[in-house]
Each structure stands twice: as C-alpha cells, then as structure tokens.
>>> print(open('model.txt').read())   # compact mmCIF, C-alpha atoms
# COMPACT_ATOMS: atom_id res chain seq x y z
CA MET A 1 -20.51 -13.30 8.03
CA ILE A 2 -21.24 -11.18 11.08
CA GLY A 3 -17.98 -12.23 12.64
CA LEU A 4 -16.08 -11.33 9.47
CA LEU A 5 -17.74 -7.93 9.37
CA PHE A 6 -16.86 -7.29 13.01
CA VAL A 7 -13.19 -8.14 12.41
CA LEU A 8 -13.01 -5.85 9.40
CA ALA A 9 -14.74 -3.05 11.27
CA MET A 10 -12.08 -3.21 13.97
CA GLN A 11 -9.45 -2.55 11.28
CA ALA A 12 -11.20 0.51 9.89
CA ALA A 13 -9.56 3.91 10.08
CA THR A 14 -12.87 5.62 10.83
CA PRO A 15 -15.76 4.47 13.03
CA ASP A 16 -18.58 5.21 10.59
CA ILE A 17 -18.00 2.51 7.99
CA ILE A 18 -20.90 0.21 8.81
CA VAL A 19 -24.19 1.71 7.68
CA SER A 20 -27.64 0.33 6.99
CA GLY A 21 -30.76 0.77 4.90
CA LYS A 22 -30.58 3.33 2.11
CA ARG A 23 -27.13 4.52 3.19
CA LEU A 24 -25.77 0.99 2.93
CA ASP A 25 -27.15 0.66 -0.59
CA GLU A 26 -25.58 4.00 -1.53
CA ALA A 27 -22.23 3.03 -0.01
CA TYR A 28 -22.25 -0.24 -1.93
CA GLN A 29 -23.12 1.46 -5.22
CA ALA A 30 -20.33 3.98 -4.64
CA CYS A 31 -17.81 1.16 -4.32
CA VAL A 32 -19.13 -0.47 -7.48
CA GLU A 33 -19.19 2.69 -9.56
CA GLN A 34 -16.31 4.76 -8.18
CA GLY A 35 -14.08 2.21 -6.49
CA CYS A 36 -13.18 1.91 -2.80
CA PRO A 37 -10.06 0.86 -0.90
CA PRO A 38 -10.10 -2.94 -0.40
CA LEU A 39 -10.95 -2.74 3.30
CA ARG A 40 -13.95 -0.47 2.85
CA ASP A 41 -15.14 -2.40 -0.20
CA ALA A 42 -14.98 -5.64 1.79
CA GLN A 43 -16.84 -4.12 4.74
CA VAL A 44 -19.61 -2.58 2.65
CA SER A 45 -19.98 -5.55 0.30
CA ILE A 46 -20.17 -8.09 3.12
CA ALA A 47 -22.69 -5.92 4.99
CA PHE A 48 -24.82 -5.50 1.87
CA ALA A 49 -24.67 -9.23 1.05
CA GLU A 50 -25.53 -10.11 4.63
CA GLN A 51 -28.62 -7.91 4.42
CA GLN A 52 -29.67 -9.73 1.25
CA PHE A 53 -28.94 -13.13 2.80
CA ARG A 54 -30.99 -12.39 5.91
CA GLN A 55 -33.92 -11.47 3.66
CA GLY A 56 -33.63 -14.82 1.88
CA ALA A 57 -32.19 -13.39 -1.37
CA TYR A 58 -29.42 -15.99 -1.57
CA GLN A 59 -28.65 -15.61 -5.27
CA ARG A 60 -28.45 -11.82 -5.04
CA ALA A 61 -26.13 -12.10 -2.03
CA ARG A 62 -23.93 -14.54 -3.94
CA ARG A 63 -23.76 -12.21 -6.95
CA THR A 64 -22.89 -9.27 -4.68
CA LEU A 65 -19.95 -11.15 -3.19
CA ALA A 66 -18.83 -12.59 -6.55
CA ALA A 67 -18.58 -9.05 -7.93
CA ALA A 68 -16.69 -7.88 -4.82
CA VAL A 69 -14.20 -10.74 -5.15
CA ALA A 70 -13.68 -9.89 -8.83
CA ARG A 71 -13.04 -6.23 -7.96
CA ASN A 72 -10.57 -7.01 -5.19
CA LYS A 73 -8.75 -10.28 -5.85
CA GLN A 74 -5.86 -8.41 -7.46
CA ASN A 75 -5.37 -6.62 -4.10
CA ALA A 76 -4.55 -9.84 -2.23
CA ALA A 77 -0.91 -8.86 -1.74
CA ILE A 78 -1.66 -5.47 -0.17
CA ALA A 79 -4.90 -6.35 1.67
CA PRO A 80 -4.92 -10.13 2.24
CA LYS A 81 -7.29 -10.15 5.21
CA PRO A 82 -10.12 -8.12 3.60
CA VAL A 83 -9.80 -10.14 0.38
CA ALA A 84 -9.82 -13.42 2.34
CA ALA A 85 -12.90 -12.22 4.24
CA LEU A 86 -14.68 -11.63 0.94
CA TYR A 87 -13.81 -15.15 -0.19
CA GLU A 88 -15.02 -16.60 3.12
CA ALA A 89 -18.34 -14.76 2.96
CA TYR A 90 -18.70 -15.81 -0.69
CA ALA A 91 -18.10 -19.44 0.32
CA THR A 92 -20.67 -19.26 3.13
CA VAL A 93 -23.45 -17.88 0.91
CA SER A 94 -22.59 -20.30 -1.91
CA LEU A 95 -22.87 -23.25 0.47
CA HIS A 96 -26.33 -22.16 1.63
CA ASP A 97 -27.38 -21.48 -1.97
CA GLY A 98 -26.27 -24.98 -3.04
CA GLU A 99 -23.48 -23.84 -5.40
CA MET A 100 -20.94 -26.41 -4.26
CA ASP A 101 -18.35 -25.84 -7.00
CA VAL A 102 -18.30 -22.13 -6.21
CA PHE A 103 -18.11 -22.97 -2.50
CA LYS A 104 -14.98 -25.08 -3.06
CA LYS A 105 -13.31 -22.44 -5.21
CA ALA A 106 -14.08 -19.68 -2.72
CA VAL A 107 -12.61 -21.65 0.19
CA GLY A 108 -9.53 -22.28 -1.94
CA GLY A 109 -9.27 -18.56 -2.65
CA GLN A 110 -9.54 -17.71 1.04
CA VAL A 111 -6.81 -20.15 2.10
CA ARG A 112 -4.51 -19.28 -0.81
CA THR A 113 -4.82 -15.53 -0.21
CA LEU A 114 -3.78 -15.83 3.43
CA ARG A 115 -1.00 -18.39 2.95
CA GLU A 116 0.64 -16.56 0.05
CA ASN A 117 0.57 -13.10 1.59
CA LEU A 118 0.99 -13.49 5.36
CA PRO A 119 3.61 -15.11 7.61
CA PRO A 120 2.86 -18.73 8.58
CA ASP A 121 2.44 -17.76 12.25
CA ASP A 122 -0.06 -14.98 11.56
CA PRO A 123 -3.29 -15.64 13.54
CA ALA A 124 -5.36 -15.34 10.36
CA VAL A 125 -3.34 -18.10 8.69
CA THR A 126 -3.68 -20.28 11.77
CA ALA A 127 -7.43 -19.66 11.92
CA ALA A 128 -7.80 -20.70 8.28
CA ALA A 129 -5.73 -23.87 8.69
CA PHE A 130 -8.83 -26.02 9.02
CA ALA A 131 -10.89 -24.32 6.31
CA THR A 132 -10.13 -26.98 3.70
CA GLY A 133 -11.00 -29.87 6.03
CA ASP A 134 -14.18 -28.10 7.11
CA MET A 135 -15.05 -27.64 3.45
CA TRP A 136 -14.80 -31.39 2.82
CA LEU A 137 -16.99 -32.01 5.86
CA ALA A 138 -19.61 -29.65 4.44
CA LEU A 139 -19.41 -31.68 1.22
CA ARG A 140 -20.08 -34.86 3.25
CA ASP A 141 -16.63 -36.28 2.48
CA GLY A 142 -15.34 -37.31 5.90
CA ARG A 143 -12.43 -39.34 4.51
CA THR A 144 -10.91 -36.37 2.67
CA ALA A 145 -11.59 -34.12 5.65
CA GLU A 146 -9.58 -36.53 7.83
CA LEU A 147 -6.69 -36.43 5.35
CA SER A 148 -6.79 -32.64 5.38
CA TYR A 149 -6.77 -32.39 9.19
CA ARG A 150 -3.94 -34.95 9.36
CA ALA A 151 -1.90 -32.89 6.87
CA VAL A 152 -2.36 -29.80 9.06
CA GLU A 153 -1.27 -31.81 12.11
CA ARG A 154 1.87 -33.15 10.41
CA GLN A 155 2.90 -29.74 9.09
CA ALA A 156 2.30 -28.12 12.48
CA LEU A 157 4.47 -30.75 14.20
CA ALA A 158 7.21 -30.22 11.61
CA ASP A 159 7.04 -26.45 12.17
CA GLY A 160 7.07 -26.81 15.95
CA ASN A 161 3.60 -25.26 16.24
CA ALA A 162 2.37 -27.27 19.24
CA THR A 163 -0.92 -25.37 19.58
CA LEU A 164 -2.01 -25.92 15.97
CA ALA A 165 -0.90 -29.56 16.08
CA MET A 166 -3.01 -30.25 19.15
CA LEU A 167 -6.05 -28.49 17.68
CA ALA A 168 -5.67 -30.61 14.53
CA THR A 169 -5.55 -33.81 16.59
CA LEU A 170 -8.69 -32.74 18.46
CA ARG A 171 -10.43 -32.06 15.15
CA ARG A 172 -9.54 -35.58 14.06
CA ALA A 173 -10.94 -36.93 17.34
CA GLU A 174 -14.24 -35.13 16.82
CA LEU A 175 -14.43 -36.34 13.24
CA ALA A 176 -13.81 -39.93 14.34
CA ASN A 177 -16.58 -39.57 16.90
CA ALA A 178 -18.96 -38.22 14.25
CA ARG A 179 -18.09 -41.19 12.02
CA ASN A 180 -19.08 -43.66 14.76
CA ASP A 181 -15.52 -44.60 15.68
CA PRO A 182 -15.47 -44.01 19.46
CA ALA A 183 -12.31 -46.10 19.94
CA GLY A 184 -10.42 -44.05 17.38
CA ALA A 185 -11.77 -40.81 18.86
CA SER A 186 -10.67 -41.80 22.37
CA ARG A 187 -7.21 -42.76 21.12
CA LEU A 188 -6.73 -39.41 19.38
CA LEU A 189 -8.02 -37.49 22.39
CA ALA A 190 -5.58 -39.32 24.68
CA GLU A 191 -2.78 -38.56 22.23
CA ALA A 192 -3.64 -34.86 22.25
CA GLU A 193 -3.93 -34.68 26.03
CA ALA A 194 -0.52 -36.30 26.46
CA ARG A 195 1.24 -33.45 24.66
CA PRO A 196 2.93 -30.62 26.60
CA ALA A 197 0.63 -28.06 24.96
CA ALA A 198 -2.31 -29.66 26.79
CA THR A 199 -1.35 -27.68 29.92
CA ASP A 200 -2.37 -24.44 28.22
CA PRO A 201 -5.69 -23.38 29.84
CA ALA A 202 -7.37 -22.55 26.53
CA LEU A 203 -6.37 -25.84 24.94
CA ARG A 204 -7.36 -27.70 28.09
CA SER A 205 -10.87 -26.26 27.73
CA VAL A 206 -11.03 -27.38 24.10
CA SER A 207 -9.99 -30.92 25.02
CA GLN A 208 -12.54 -30.91 27.86
CA VAL A 209 -15.28 -30.04 25.38
CA VAL A 210 -14.17 -32.82 23.02
CA ARG A 211 -14.09 -35.32 25.90
CA LEU A 212 -17.55 -34.18 26.93
CA ARG A 213 -18.89 -34.62 23.41
CA LEU A 214 -17.51 -38.14 23.25
CA ALA A 215 -19.07 -39.02 26.59
CA ALA A 216 -22.40 -37.38 25.71
CA GLN A 217 -22.81 -39.65 22.69
CA ARG A 218 -23.26 -42.60 25.06
CA ALA A 219 -24.84 -40.88 28.07
CA ASP A 220 -28.42 -40.41 29.23
CA ASP A 221 -29.86 -37.03 30.28
CA SER A 222 -28.78 -37.28 33.92
CA GLN A 223 -25.23 -38.20 32.92
CA VAL A 224 -25.07 -35.30 30.47
CA ASP A 225 -26.23 -32.97 33.26
CA ARG A 226 -23.39 -34.19 35.44
CA LEU A 227 -20.83 -33.89 32.67
CA VAL A 228 -21.88 -30.33 31.88
CA ARG A 229 -21.57 -29.35 35.54
CA GLU A 230 -18.09 -30.84 35.74
CA ILE A 231 -16.56 -28.83 32.91
CA GLY A 232 -14.92 -25.59 34.05
CA HIS A 233 -16.32 -22.22 32.97
CA ASP A 234 -13.23 -20.14 33.60
CA THR A 235 -11.83 -20.17 30.06
CA LEU A 236 -15.05 -20.64 28.06
CA THR A 237 -16.25 -17.29 26.76
CA ARG A 238 -19.45 -18.53 25.11
CA PRO A 239 -21.62 -21.64 25.25
CA VAL A 240 -20.31 -24.52 23.13
CA LEU A 241 -22.60 -27.19 21.70
CA ILE A 242 -22.05 -30.55 23.38
CA TRP A 243 -24.88 -32.68 22.06
CA GLY A 244 -27.97 -32.43 19.93
CA PRO A 245 -30.27 -34.91 18.19
CA PRO A 246 -29.12 -35.69 14.63
CA TYR A 247 -30.85 -33.90 11.79
CA GLU A 248 -33.02 -36.35 9.92
CA PRO A 249 -32.31 -36.33 6.16
CA THR A 250 -35.14 -36.03 3.68
CA ALA A 251 -36.39 -39.33 2.26
CA GLU A 252 -34.78 -38.55 -1.11
CA ALA A 253 -31.42 -37.70 0.48
CA ALA A 254 -31.51 -40.85 2.62
CA ALA A 255 -32.22 -43.02 -0.43
CA ARG A 256 -29.41 -41.36 -2.38
CA ASP A 257 -26.89 -41.76 0.45
CA ALA A 258 -27.86 -45.40 1.05
CA ALA A 259 -27.32 -46.19 -2.65
CA ALA A 260 -23.97 -44.38 -2.66
CA LYS A 261 -22.65 -46.60 0.17
CA PHE A 262 -22.98 -49.62 -2.10
CA ASP A 263 -21.96 -47.87 -5.33
CA LEU A 264 -25.50 -48.22 -6.66
CA ARG A 265 -27.23 -45.91 -9.08
CA ASN A 266 -28.90 -42.85 -7.55
CA PRO A 267 -32.57 -43.84 -7.13
CA VAL A 268 -33.75 -40.21 -7.23
CA PRO A 269 -31.79 -38.51 -10.05
CA ALA A 270 -32.63 -34.93 -10.95
CA ASN A 271 -34.94 -34.71 -13.96
CA SER A 272 -34.56 -32.24 -16.81
CA SER A 273 -37.63 -30.35 -15.62
CA ASP A 274 -36.65 -30.12 -11.94
CA VAL A 275 -36.12 -26.68 -10.44
CA GLY A 276 -35.39 -26.68 -6.72
CA SER A 277 -36.29 -23.79 -4.45
CA ILE A 278 -34.87 -22.85 -1.05
CA GLN A 279 -36.81 -23.12 2.18
CA TRP A 280 -35.35 -21.29 5.15
CA VAL A 281 -36.22 -20.30 8.69
CA ASP A 282 -34.57 -18.30 11.45
CA ILE A 283 -34.93 -19.98 14.85
CA GLY A 284 -34.25 -17.99 18.02
CA PHE A 285 -33.57 -19.61 21.38
CA TRP A 286 -32.04 -19.04 24.79
CA ILE A 287 -29.04 -20.95 26.10
CA LYS A 288 -29.50 -20.99 29.85
CA PRO A 289 -26.56 -20.89 32.31
CA ASP A 290 -26.99 -24.65 32.89
CA GLY A 291 -26.47 -25.34 29.17
CA LYS A 292 -30.07 -26.25 28.36
CA THR A 293 -32.06 -24.35 25.73
CA ASP A 294 -35.34 -22.56 26.26
CA ASP A 295 -38.09 -20.83 24.26
CA ALA A 296 -36.99 -22.03 20.83
CA GLU A 297 -39.24 -20.52 18.19
CA ILE A 298 -39.38 -19.75 14.48
CA LEU A 299 -38.86 -16.02 14.05
CA ARG A 300 -39.39 -15.82 10.29
CA GLY A 301 -38.92 -17.81 7.14
CA SER A 302 -39.65 -18.30 3.47
CA ARG A 303 -43.34 -18.59 2.75
CA SER A 304 -44.69 -21.54 4.77
CA THR A 305 -42.60 -22.53 7.80
CA GLY A 306 -44.62 -25.59 8.80
CA TRP A 307 -41.92 -27.92 7.44
CA ALA A 308 -39.46 -26.70 10.12
CA GLY A 309 -41.27 -27.89 13.25
CA TYR A 310 -38.78 -30.74 13.71
CA LEU A 311 -35.95 -28.20 13.79
CA VAL A 312 -37.52 -26.42 16.78
CA LYS A 313 -37.61 -29.79 18.56
CA GLN A 314 -33.97 -30.42 17.65
CA VAL A 315 -32.87 -27.05 19.05
CA SER A 316 -34.97 -27.58 22.19
CA ALA A 317 -33.15 -30.83 22.96
CA ARG A 318 -29.61 -29.48 22.57
CA ARG A 319 -27.09 -29.29 25.40
CA TYR A 320 -24.37 -26.68 25.60
CA THR A 321 -21.57 -26.07 28.06
CA GLY A 322 -22.77 -24.07 31.05
CA THR A 323 -21.85 -20.44 31.59
CA ASP A 324 -21.31 -18.41 34.71
CA GLY A 325 -23.96 -15.77 35.20
CA ALA A 326 -25.29 -13.38 37.78
CA ALA A 327 -28.35 -14.36 39.75
CA GLY A 328 -31.41 -13.90 37.56
CA ALA A 329 -29.47 -14.06 34.31
CA ARG A 330 -31.53 -15.75 31.66
CA GLY A 331 -28.51 -16.72 29.58
CA VAL A 332 -27.41 -16.10 25.99
CA TYR A 333 -29.80 -15.56 23.09
CA ARG A 334 -28.93 -17.05 19.73
CA VAL A 335 -30.50 -16.98 16.26
CA GLU A 336 -29.65 -19.60 13.64
CA ARG A 337 -30.54 -19.73 9.95
CA PHE A 338 -31.59 -23.15 8.63
CA SER A 339 -31.53 -23.53 4.83
CA LEU A 340 -33.04 -26.58 3.12
CA ARG A 341 -32.01 -26.76 -0.53
CA GLY A 342 -30.80 -28.94 -3.34
CA THR A 343 -27.49 -28.39 -5.08
CA TYR A 344 -26.69 -26.81 -8.42
CA GLN A 345 -26.31 -29.40 -11.14
CA THR A 346 -27.12 -30.04 -14.79
CA PRO A 347 -29.79 -32.78 -14.81
CA THR A 348 -29.80 -35.50 -17.45
CA GLY A 349 -31.52 -34.25 -20.59
CA SER A 350 -30.84 -30.60 -19.83
CA LEU A 351 -28.09 -28.07 -20.57
CA ILE A 352 -29.06 -25.67 -17.80
CA ASN A 353 -27.22 -25.68 -14.48
CA ARG A 354 -29.69 -25.11 -11.66
CA ARG A 355 -30.58 -26.11 -8.11
CA ALA A 356 -32.20 -29.55 -8.03
CA GLY A 357 -32.07 -32.92 -6.32
CA PRO A 358 -32.72 -33.97 -2.71
CA GLY A 359 -32.91 -31.23 -0.11
CA GLU A 360 -29.97 -30.88 2.29
CA LEU A 361 -29.81 -28.78 5.44
CA GLU A 362 -27.24 -26.06 6.20
CA VAL A 363 -27.08 -24.14 9.49
CA LEU A 364 -25.50 -20.75 10.22
CA ASP A 365 -25.31 -18.75 13.46
CA LEU A 366 -26.65 -15.26 12.70
CA THR A 367 -26.17 -13.92 16.19
CA LEU A 368 -24.22 -10.80 16.97
CA PRO A 369 -21.53 -11.14 19.69
CA ASP A 370 -23.19 -12.92 22.60
CA THR A 371 -24.84 -10.88 25.31
CA THR A 372 -25.92 -12.20 28.67
CA VAL A 373 -29.42 -10.90 29.38
CA THR A 374 -31.01 -10.68 32.81
CA ALA A 375 -34.59 -11.85 33.02
CA SER A 376 -37.14 -9.09 33.49
CA ARG A 377 -38.99 -9.01 36.77
>>> encode(input="model.txt", output="structure tokens")
Amino acid sequence: MIGLLFVLAMQAATPDIIVSGKRLDEAYQACVEQGCPPLRDAQVSIAFAEQQFRQGAYQRARRTLAAAVARNKQNAAIAPKPVAALYEAYATVSLHDGEMDVFKKAVGGQVRTLRENLPPDDPAVTAAAFATGDMWLALRDGRTAELSYRAVERQALADGNATLAMLATLRRAELANARNDPAGASRLLAEAEARPAATDPALRSVSQVVRLRLAAQRADDSQVDRLVREIGHDTLTRPVLIWGPPYEPTAEAAARDAAAKFDLRNPVPANSSDVGSIQWVDIGFWIKPDGKTDDAEILRGSRSTGWAGYLVKQVSARRYTGTDGAAGARGVYRVERFSLRGTYQTPTGSLINRRAGPGELEVLDLTLPDTTVTASR
C-alpha cells in the first residue's frame, strides 16, 4: 500500500495531501462526510487504512477501503488510476484478513478499471497485466495462475508487445520452478532469452534473476555466493530475493493440503463454534551489499510473538541480489508484515461467515522506498 500511496502522492496538485495522526483522521472524515475529488479521497483513504493495518486492525482497514471503493467506483472513467489503487489496497488488506472472495473481487475491479479506461499500452495497464495470475497464486492455484500468465503472453505476442510477452514467459518460468518442474522452467527461460527483447538491459537483469533463482534451488551456500557475485548490479535498483527457506505450513494446513491432493475429505474441517483470530508480527532486517541478511528481529506484533521465532530464522537465511554501496554502507533496511490467519467461511452447522480453519501465512513489505544507510562509527 505504501507504493500505491507514493504513486498517488506524485499525482497530487498540492504537496500537503499526506497527513498523519489527528489530521489524517480529520481529512478522512471530511472525505466521508463532505466528499473529496477521487484522487484526494484515494490518497487519504489508503493512508488511513494503512495506519489501521499497521496497528493490526485488519477488519477496520478493510471496511475503510470498502467504503472508499463504494464512494469512488463510479469515477472509474474520469480517475481510473486512483480508483484502481483503491481496489488494489482493498485486495491487499482482504488477503491478509482472510477474506478471499473479497480479495478476488477487488483484484477483478482493479484490472477491469484500468483495462476499460486506459489505452492498452499505458504503463498502469501493463503493470496490472499479471494481477490476475498473481491472485491465483495467492489462492494456491498454480494451474490457473499458469493459464493466466500464458494468456497474457499470447495476447502480448499478438499485440507486438515484446517486453510484456517476455515478462510473461519469465513469470511462467518462475512458476514452473516453484512447482518443482526445473526442466520446464529451464525451457521457458531459454525461450525468453532467445527473443530479441532479451537484449534490453532491464529485461536482461530480470532474466538473470530468474536464472539465478533456478540455480539457487539446487546450489549449496558457496555456489549461491558465487552466483550472487556474478549477477550485474548496474540495472538493479533494489535487492531482489533469490532464495529463502520454504515457510513450513501449520500441521492443520499440511493435513488439509495432503488430503486435497488425493481428493480426500478435509481432515480438519471448521466447526460451527470455531472463531479464528489473526496473529501478526513485523520483522525488520538489513540486506547487506553482498545479499545476505543481518540483524533480523521482531519489532512488534499481536499479543504474544513467541510463535514467530521460525520466521526470524527464515529471514536470516535468505539471499538477495547484491547491491553496489559505498565503503562502510550497511545496506538496505526492510520491514515485512507476517500475518497468520484462517480464511472467512461458513462452517458446517453455522450460518455465520467468519474467519476459521487452518492458519495460512501472508507476507507484505511495509518498507518505505529503500534507503542505503552507512554504518555508524
């Protein structure tokens, strides 16, 4: 959401749109009660919802964005980017809150708003091209995500959009790698790198990262070190994750997923009395110039944070692309929100839709635009 807010702020006619604390609350209430232009309403509503989200008030943040979407969706034709930003923020919060039906509808609203109201070659439309596939990935449906990325690739080739076509092929390669199909991933990567667009420096960096991720899946620590050193830094503006240990599912989620593979009955169905809460933590860490992480720690969280110790270990073992830095530079500091929650559903024997079932993990980068910090002496 921070990135969305930054983009909208750059479009503002005046520099004093983004406010905080009591003034932010007053600005939001003014938009609710008196009405605001779509751009300002989107800026203030996203900022207010982000404040609620950071404090762990997921449902309040979701309601804030739902109301903002309702106020502004009729303005899609005159202000497509602010309206799409509201939908995107609404989707993000809904995903972390476990409201998967709302998440799907919000992503659909985002994509539809941009496609119906902007030219096909507008950067915002291009940026949203993968939103549907990413949505299916978040829903753990890799097969449908692959179909979505392939549809983007085919349409881009038909339109002569070489850049988008290559990015779609690289997405398919990464998805194949994640689905334990290294042969398919390598084939798709080779296909992408054989295209004329591969000579573009920015696209070459993207394909280098994908190749590095494929290699890192089968490499030991020393080999990963070598691979990270070999990738160029000239066109990478921020560290990119290359490898990290997999997140271990909860026992309930693992049992459910194992049963689903064989079309068996869910062994841990939600009961009529189940009410699932959300556990969350913010973990801060440094990404050093060599791509290794340092000083990972839990900054805050919901009630007890003892459950999240394994996440600190996961972050500590990650490897990113290296970055150029001045002598003494400590690197880039990042903060990520980890949310462990069930999903909204109506359990058997109940008529009430609520969060329940096995806990699943969602991760969101909360960091403001990256800053390279020099170590104190």
>>> residues_around(input="model.txt", residues="A:Lys81", least_positions_apart="6", cutoff="9 Å", atoms="only C-alpha atoms", output="PyMOL selection string")
chain A and resi 8+39+110+113-114+118+124
>>> closest_residue(input="model.txt", among="A:Ala194, A:Ala151, A:Ala68, A:Leu95", to="A:Thr343", atoms="all atoms listed in the file")
A:Leu95
>>> residues_around(input="model.txt", residues="A:Ile242", least_positions_apart="2", cutoff="9 Å", atoms="all atoms listed in the file", output="list in words")
Val209, Val210, Leu212, Arg213, Leu214, Ala216, Val228, Val240, Gly244, Gly291, Arg318, Arg319, Tyr320 and Thr321 of chain A
>>> atom_distance(input="model.txt", atom1="atom CA of A:Pro119", atom2="atom CA of A:Pro80")
11.2 Å
>>> residues_around(input="model.txt", residues="A:Ser45", least_positions_apart="2", cutoff="9 Å", atoms="all atoms listed in the file", output="PyMOL selection string")
chain A and resi 27-28+31+40-43+47-50+64-65+68+86
>>> closest_residue(input="model.txt", among="A:Arg341, A:Ala76, A:Trp243, A:Gly160", to="A:Arg355", atoms="all atoms listed in the file")
A:Arg341
